[in-house]
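Text of final.cif, listed as mmCIF, C-alpha atoms:
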data_model
loop_
_atom_site.label_atom_id
_atom_site.label_comp_id
_atom_site.auth_asym_id
_atom_site.auth_seq_id
_atom_site.Cartn_x
_atom_site.Cartn_y
_atom_site.Cartn_z
CA MET A 1 -57.57 -47.35 59.71
CA SER A 2 -61.18 -48.12 60.60
CA GLU A 3 -61.96 -51.81 60.62
CA THR A 4 -65.71 -51.45 60.34
CA GLN A 5 -65.83 -51.25 56.56
CA GLU A 6 -64.82 -53.08 53.42
CA GLU A 7 -63.07 -50.96 50.81
CA PRO A 8 -60.59 -51.51 47.99
CA GLN A 9 -57.27 -52.73 49.39
CA GLY A 10 -58.59 -52.20 52.89
CA ILE A 11 -58.36 -48.39 52.59
CA ALA A 12 -60.89 -46.49 54.69
CA GLY A 13 -61.81 -43.99 51.99
CA ASP A 14 -64.18 -41.96 54.13
CA GLU A 15 -61.63 -41.60 56.91
CA LEU A 16 -58.97 -40.59 54.40
CA LEU A 17 -61.34 -38.04 52.86
CA ARG A 18 -62.02 -36.51 56.28
CA PHE A 19 -58.29 -35.96 56.78
CA ILE A 20 -57.92 -34.55 53.27
CA ASP A 21 -60.90 -32.22 53.78
CA ARG A 22 -59.44 -30.87 57.03
CA ILE A 23 -56.08 -30.30 55.36
CA GLU A 24 -57.68 -28.57 52.38
CA ARG A 25 -59.67 -26.20 54.62
CA MET A 26 -56.49 -25.23 56.45
CA GLU A 27 -54.54 -24.88 53.22
CA GLU A 28 -57.27 -22.50 52.02
CA GLU A 29 -56.96 -20.44 55.24
CA LYS A 30 -53.20 -20.40 54.72
CA ALA A 31 -53.62 -19.19 51.14
CA GLU A 32 -55.94 -16.40 52.37
CA LEU A 33 -53.40 -15.33 54.98
CA ILE A 34 -50.67 -15.24 52.36
CA ARG A 35 -52.91 -13.03 50.21
CA ASP A 36 -53.66 -10.77 53.20
CA ILE A 37 -49.96 -10.41 54.02
CA ARG A 38 -49.23 -9.54 50.41
CA ASP A 39 -52.01 -6.91 50.56
CA ILE A 40 -50.49 -5.28 53.65
CA TYR A 41 -47.10 -5.03 51.96
CA GLN A 42 -48.88 -3.49 48.98
CA GLU A 43 -50.70 -1.02 51.22
CA ALA A 44 -47.40 -0.13 52.92
CA LYS A 45 -45.84 0.39 49.49
CA SER A 46 -48.65 2.78 48.55
CA ASN A 47 -47.77 4.68 51.73
CA GLY A 48 -44.15 5.04 50.64
CA PHE A 49 -42.50 2.07 52.38
CA ASP A 50 -40.27 -0.43 50.60
CA PRO A 51 -41.74 -3.97 50.92
CA LYS A 52 -38.36 -5.65 50.33
CA VAL A 53 -36.74 -3.75 53.19
CA MET A 54 -39.81 -4.36 55.40
CA LYS A 55 -39.41 -8.11 54.80
CA GLU A 56 -35.80 -7.77 55.92
CA ILE A 57 -37.02 -6.01 59.12
CA VAL A 58 -39.59 -8.76 59.81
CA LYS A 59 -36.82 -11.34 59.42
CA LEU A 60 -34.46 -9.40 61.70
CA ARG A 61 -37.11 -8.98 64.43
CA LYS A 62 -37.61 -12.77 64.50
CA LYS A 63 -33.98 -13.30 65.50
CA ASN A 64 -32.51 -12.48 68.87
CA PRO A 65 -30.06 -9.53 68.98
CA ASP A 66 -27.02 -11.76 69.68
CA GLU A 67 -27.79 -13.81 66.60
CA VAL A 68 -28.10 -10.63 64.51
CA ASP A 69 -24.79 -9.25 65.87
CA GLU A 70 -23.00 -12.50 65.14
CA GLU A 71 -24.34 -12.72 61.59
CA GLU A 72 -23.39 -9.12 60.91
CA ALA A 73 -19.87 -9.73 62.20
CA ILE A 74 -19.50 -12.77 59.93
CA LEU A 75 -20.95 -10.80 57.00
CA ARG A 76 -18.31 -8.08 57.58
CA LEU A 77 -15.58 -10.73 57.64
CA TYR A 78 -16.78 -12.27 54.38
CA LYS A 79 -17.03 -8.86 52.72
CA GLN A 80 -13.48 -8.06 53.81
CA ALA A 81 -12.27 -11.45 52.56
CA LEU A 82 -13.84 -10.72 49.16
CA GLY A 83 -12.57 -7.15 48.97
CA MET A 84 -16.11 -5.76 49.09
CA VAL A 85 -15.28 -3.10 51.70
CA MET B 1 -45.95 8.45 54.70
CA SER B 2 -47.59 10.62 57.34
CA GLU B 3 -46.57 14.27 57.13
CA THR B 4 -47.63 15.20 60.66
CA GLN B 5 -44.41 14.15 62.38
CA GLU B 6 -40.68 14.72 62.33
CA GLU B 7 -38.54 11.58 62.37
CA PRO B 8 -35.09 10.58 61.16
CA GLN B 9 -34.91 10.81 57.36
CA GLY B 10 -38.61 11.60 57.26
CA ILE B 11 -39.60 7.99 58.12
CA ALA B 12 -42.91 7.66 59.94
CA GLY B 13 -41.71 5.07 62.43
CA ASP B 14 -45.06 4.57 64.14
CA GLU B 15 -46.84 4.04 60.84
CA LEU B 16 -44.15 1.59 59.74
CA LEU B 17 -44.42 -0.25 63.07
CA ARG B 18 -48.19 -0.60 62.65
CA PHE B 19 -47.65 -2.27 59.27
CA ILE B 20 -44.92 -4.52 60.71
CA ASP B 21 -47.12 -5.48 63.68
CA ARG B 22 -50.01 -6.44 61.38
CA ILE B 23 -47.69 -8.52 59.23
CA GLU B 24 -46.17 -10.24 62.26
CA ARG B 25 -49.59 -11.16 63.67
CA MET B 26 -50.55 -12.72 60.34
CA GLU B 27 -47.20 -14.48 60.03
CA GLU B 28 -47.83 -15.96 63.48
CA GLU B 29 -51.29 -17.18 62.38
CA LYS B 30 -49.69 -18.68 59.28
CA ALA B 31 -47.08 -20.47 61.40
CA GLU B 32 -49.87 -21.89 63.60
CA LEU B 33 -51.75 -23.14 60.54
CA ILE B 34 -48.60 -24.78 59.21
CA ARG B 35 -48.17 -26.53 62.58
CA ASP B 36 -51.84 -27.59 62.56
CA ILE B 37 -51.54 -29.01 59.06
CA ARG B 38 -48.42 -30.93 60.09
CA ASP B 39 -50.36 -32.30 63.10
CA ILE B 40 -53.18 -33.58 60.87
CA TYR B 41 -50.71 -35.39 58.63
CA GLN B 42 -49.17 -36.85 61.78
CA GLU B 43 -52.60 -37.94 63.04
CA ALA B 44 -53.37 -39.52 59.67
CA LYS B 45 -50.03 -41.31 59.80
CA SER B 46 -50.92 -42.71 63.23
CA ASN B 47 -54.11 -44.01 61.62
CA GLY B 48 -52.14 -45.86 58.93
CA PHE B 49 -52.11 -43.35 56.08
CA ASP B 50 -48.98 -42.27 54.23
CA PRO B 51 -48.48 -38.48 54.56
CA LYS B 52 -46.31 -38.26 51.44
CA VAL B 53 -48.99 -39.88 49.28
CA MET B 54 -51.67 -37.74 50.95
CA LYS B 55 -49.73 -34.60 49.96
CA GLU B 56 -49.69 -35.92 46.40
CA ILE B 57 -53.49 -36.35 46.58
CA VAL B 58 -53.97 -32.79 47.92
CA LYS B 59 -51.85 -31.51 45.03
CA LEU B 60 -53.79 -33.56 42.46
CA ARG B 61 -57.16 -32.37 43.80
CA LYS B 62 -56.06 -28.73 43.29
CA LYS B 63 -55.62 -29.31 39.58
CA ASN B 64 -58.42 -29.78 37.09
CA PRO B 65 -58.76 -33.26 35.56
CA ASP B 66 -57.64 -32.12 32.07
CA GLU B 67 -54.46 -30.72 33.54
CA VAL B 68 -53.81 -33.99 35.38
CA ASP B 69 -54.45 -36.05 32.22
CA GLU B 70 -52.11 -33.87 30.18
CA GLU B 71 -49.33 -34.05 32.76
CA GLU B 72 -49.68 -37.80 33.01
CA ALA B 73 -49.49 -38.15 29.22
CA ILE B 74 -46.32 -36.04 29.13
CA LEU B 75 -44.87 -38.03 32.04
CA ARG B 76 -45.48 -41.26 30.08
CA LEU B 77 -43.75 -39.75 27.04
CA TYR B 78 -40.72 -38.70 29.07
CA LYS B 79 -40.52 -42.12 30.74
CA GLN B 80 -40.64 -43.80 27.32
CA ALA B 81 -37.98 -41.42 25.97
CA LEU B 82 -35.72 -42.35 28.92
CA GLY B 83 -36.41 -46.07 28.67
CA MET B 84 -38.08 -46.10 32.09
CA VAL B 85 -41.05 -48.19 30.92
#
What do you get writing this file as structure tokens?
Amino acid sequence: MSETQEEPQGIAGDELLRFIDRIERMEEEKAELIRDIRDIYQEAKSNGFDPKVMKEIVKLRKKNPDEVDEEEAILRLYKQALGMV
Amino acid sequence: MSETQEEPQGIAGDELLRFIDRIERMEEEKAELIRDIRDIYQEAKSNGFDPKVMKEIVKLRKKNPDEVDEEEAILRLYKQALGMV
């Protein structure tokens, strides 16, 4: 905290506000990005693609192939255990 | 879907990949922003501010004052009902 000013309870209000302002600008950018991403899924949907399955693909591409293989093997096991196959 | 190509089950793989690529670029930007926001909170913490309370302030500033007043009134009611005051 800055020591060059006197404020209630020793809080540097202007310094705090600068942090808050920076965070709010970035939160606004984040909100815009989220809207843009939603728009792309919508555009893809208009072109005949299924947004839900695309989200699954995006998730899968983030993982490495070994991780995917392992999860699929465990999923098969669980399905067998529950009589789902 | 594009009709100018032949692909398995009629899926336009290149078109789909373009959508996925756009989404992944934006998701990466979003991840960077989230890291940046975390860094600012960390910087503020180093300067003596409490990140948890700052997040509360950011949330409060998003709402309009009437909304805040109403929620606070309801919160008081609930606290009274539960003997917390």
Can you superpose chain A onto chain B by least squares over all C-alpha atoms paired in order and give the moved copy as a CSV table (one decimal) with C-alpha atoms, in the coordinates of the input?
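Contents of the output file part10.csv:
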chain,number,residue,atom,x,y,z
A,1,MET,CA,-46.0,8.5,54.8
A,2,SER,CA,-47.7,10.7,57.4
A,3,GLU,CA,-46.6,14.3,57.2
A,4,THR,CA,-47.7,15.2,60.8
A,5,GLN,CA,-44.5,14.2,62.4
A,6,GLU,CA,-40.7,14.7,62.4
A,7,GLU,CA,-38.6,11.6,62.4
A,8,PRO,CA,-35.2,10.6,61.2
A,9,GLN,CA,-34.9,10.8,57.5
A,10,GLY,CA,-38.6,11.6,57.3
A,11,ILE,CA,-39.6,8.0,58.1
A,12,ALA,CA,-42.9,7.7,60.0
A,13,GLY,CA,-41.7,5.1,62.4
A,14,ASP,CA,-45.0,4.6,64.1
A,15,GLU,CA,-46.8,4.0,60.8
A,16,LEU,CA,-44.1,1.6,59.8
A,17,LEU,CA,-44.4,-0.3,63.1
A,18,ARG,CA,-48.2,-0.6,62.6
A,19,PHE,CA,-47.6,-2.3,59.3
A,20,ILE,CA,-44.9,-4.5,60.7
A,21,ASP,CA,-47.1,-5.5,63.7
A,22,ARG,CA,-50.0,-6.4,61.4
A,23,ILE,CA,-47.7,-8.5,59.2
A,24,GLU,CA,-46.1,-10.2,62.2
A,25,ARG,CA,-49.6,-11.2,63.6
A,26,MET,CA,-50.5,-12.7,60.3
A,27,GLU,CA,-47.2,-14.5,60.0
A,28,GLU,CA,-47.8,-16.0,63.5
A,29,GLU,CA,-51.3,-17.2,62.3
A,30,LYS,CA,-49.7,-18.7,59.2
A,31,ALA,CA,-47.0,-20.4,61.4
A,32,GLU,CA,-49.8,-21.9,63.6
A,33,LEU,CA,-51.7,-23.1,60.5
A,34,ILE,CA,-48.6,-24.8,59.2
A,35,ARG,CA,-48.2,-26.5,62.5
A,36,ASP,CA,-51.8,-27.6,62.5
A,37,ILE,CA,-51.5,-29.0,59.0
A,38,ARG,CA,-48.4,-30.9,60.0
A,39,ASP,CA,-50.3,-32.3,63.0
A,40,ILE,CA,-53.1,-33.6,60.8
A,41,TYR,CA,-50.7,-35.4,58.6
A,42,GLN,CA,-49.1,-36.9,61.7
A,43,GLU,CA,-52.6,-37.9,63.0
A,44,ALA,CA,-53.3,-39.5,59.6
A,45,LYS,CA,-50.0,-41.3,59.7
A,46,SER,CA,-50.9,-42.7,63.2
A,47,ASN,CA,-54.1,-44.0,61.5
A,48,GLY,CA,-52.1,-45.8,58.9
A,49,PHE,CA,-52.1,-43.3,56.0
A,50,ASP,CA,-48.9,-42.2,54.2
A,51,PRO,CA,-48.4,-38.4,54.5
A,52,LYS,CA,-46.3,-38.2,51.4
A,53,VAL,CA,-49.0,-39.9,49.2
A,54,MET,CA,-51.7,-37.7,50.9
A,55,LYS,CA,-49.7,-34.6,49.9
A,56,GLU,CA,-49.7,-35.9,46.3
A,57,ILE,CA,-53.5,-36.3,46.5
A,58,VAL,CA,-53.9,-32.8,47.9
A,59,LYS,CA,-51.8,-31.5,45.0
A,60,LEU,CA,-53.8,-33.5,42.4
A,61,ARG,CA,-57.2,-32.3,43.8
A,62,LYS,CA,-56.1,-28.7,43.3
A,63,LYS,CA,-55.6,-29.3,39.5
A,64,ASN,CA,-58.4,-29.7,37.1
A,65,PRO,CA,-58.8,-33.2,35.6
A,66,ASP,CA,-57.7,-32.1,32.1
A,67,GLU,CA,-54.5,-30.7,33.5
A,68,VAL,CA,-53.8,-34.0,35.4
A,69,ASP,CA,-54.5,-36.0,32.2
A,70,GLU,CA,-52.1,-33.9,30.2
A,71,GLU,CA,-49.3,-34.1,32.8
A,72,GLU,CA,-49.7,-37.8,33.0
A,73,ALA,CA,-49.5,-38.2,29.3
A,74,ILE,CA,-46.3,-36.1,29.2
A,75,LEU,CA,-44.9,-38.1,32.1
A,76,ARG,CA,-45.5,-41.3,30.2
A,77,LEU,CA,-43.8,-39.9,27.1
A,78,TYR,CA,-40.8,-38.8,29.1
A,79,LYS,CA,-40.6,-42.2,30.8
A,80,GLN,CA,-40.7,-43.9,27.4
A,81,ALA,CA,-38.0,-41.5,26.1
A,82,LEU,CA,-35.8,-42.5,29.0
A,83,GLY,CA,-36.4,-46.2,28.8
A,84,MET,CA,-38.2,-46.2,32.2
A,85,VAL,CA,-41.1,-48.3,31.0
With a distance threshold of 12 Å and counting only C-alpha atoms, extract the residues of chain A near chain B and express them as JSON, numbers by chain.
{"A": [1, 2, 3, 10, 11, 12, 13, 15, 16, 17, 18, 19, 20, 21, 22, 23, 24, 25, 26, 27, 28, 29, 30, 31, 32, 33, 34, 35, 36, 37, 38, 39, 40, 41, 42, 43, 44, 45, 46, 47, 48, 49, 50, 51, 53, 54, 55, 56, 57, 58, 59, 60, 61, 62]}
Atom CA of B:Met84 and atom CA of B:Glu71, how far apart in Å?
16.5 Å
For atom CA of A:Ala73 and atom CA of A:Val85, the interatomic separation in Å (one decimal):
13.2 Å
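For the atom pair formed by atom CA of A:Leu82 and atom CA of A:Lys63, the distance is 26.1 Å, given to one decimal.
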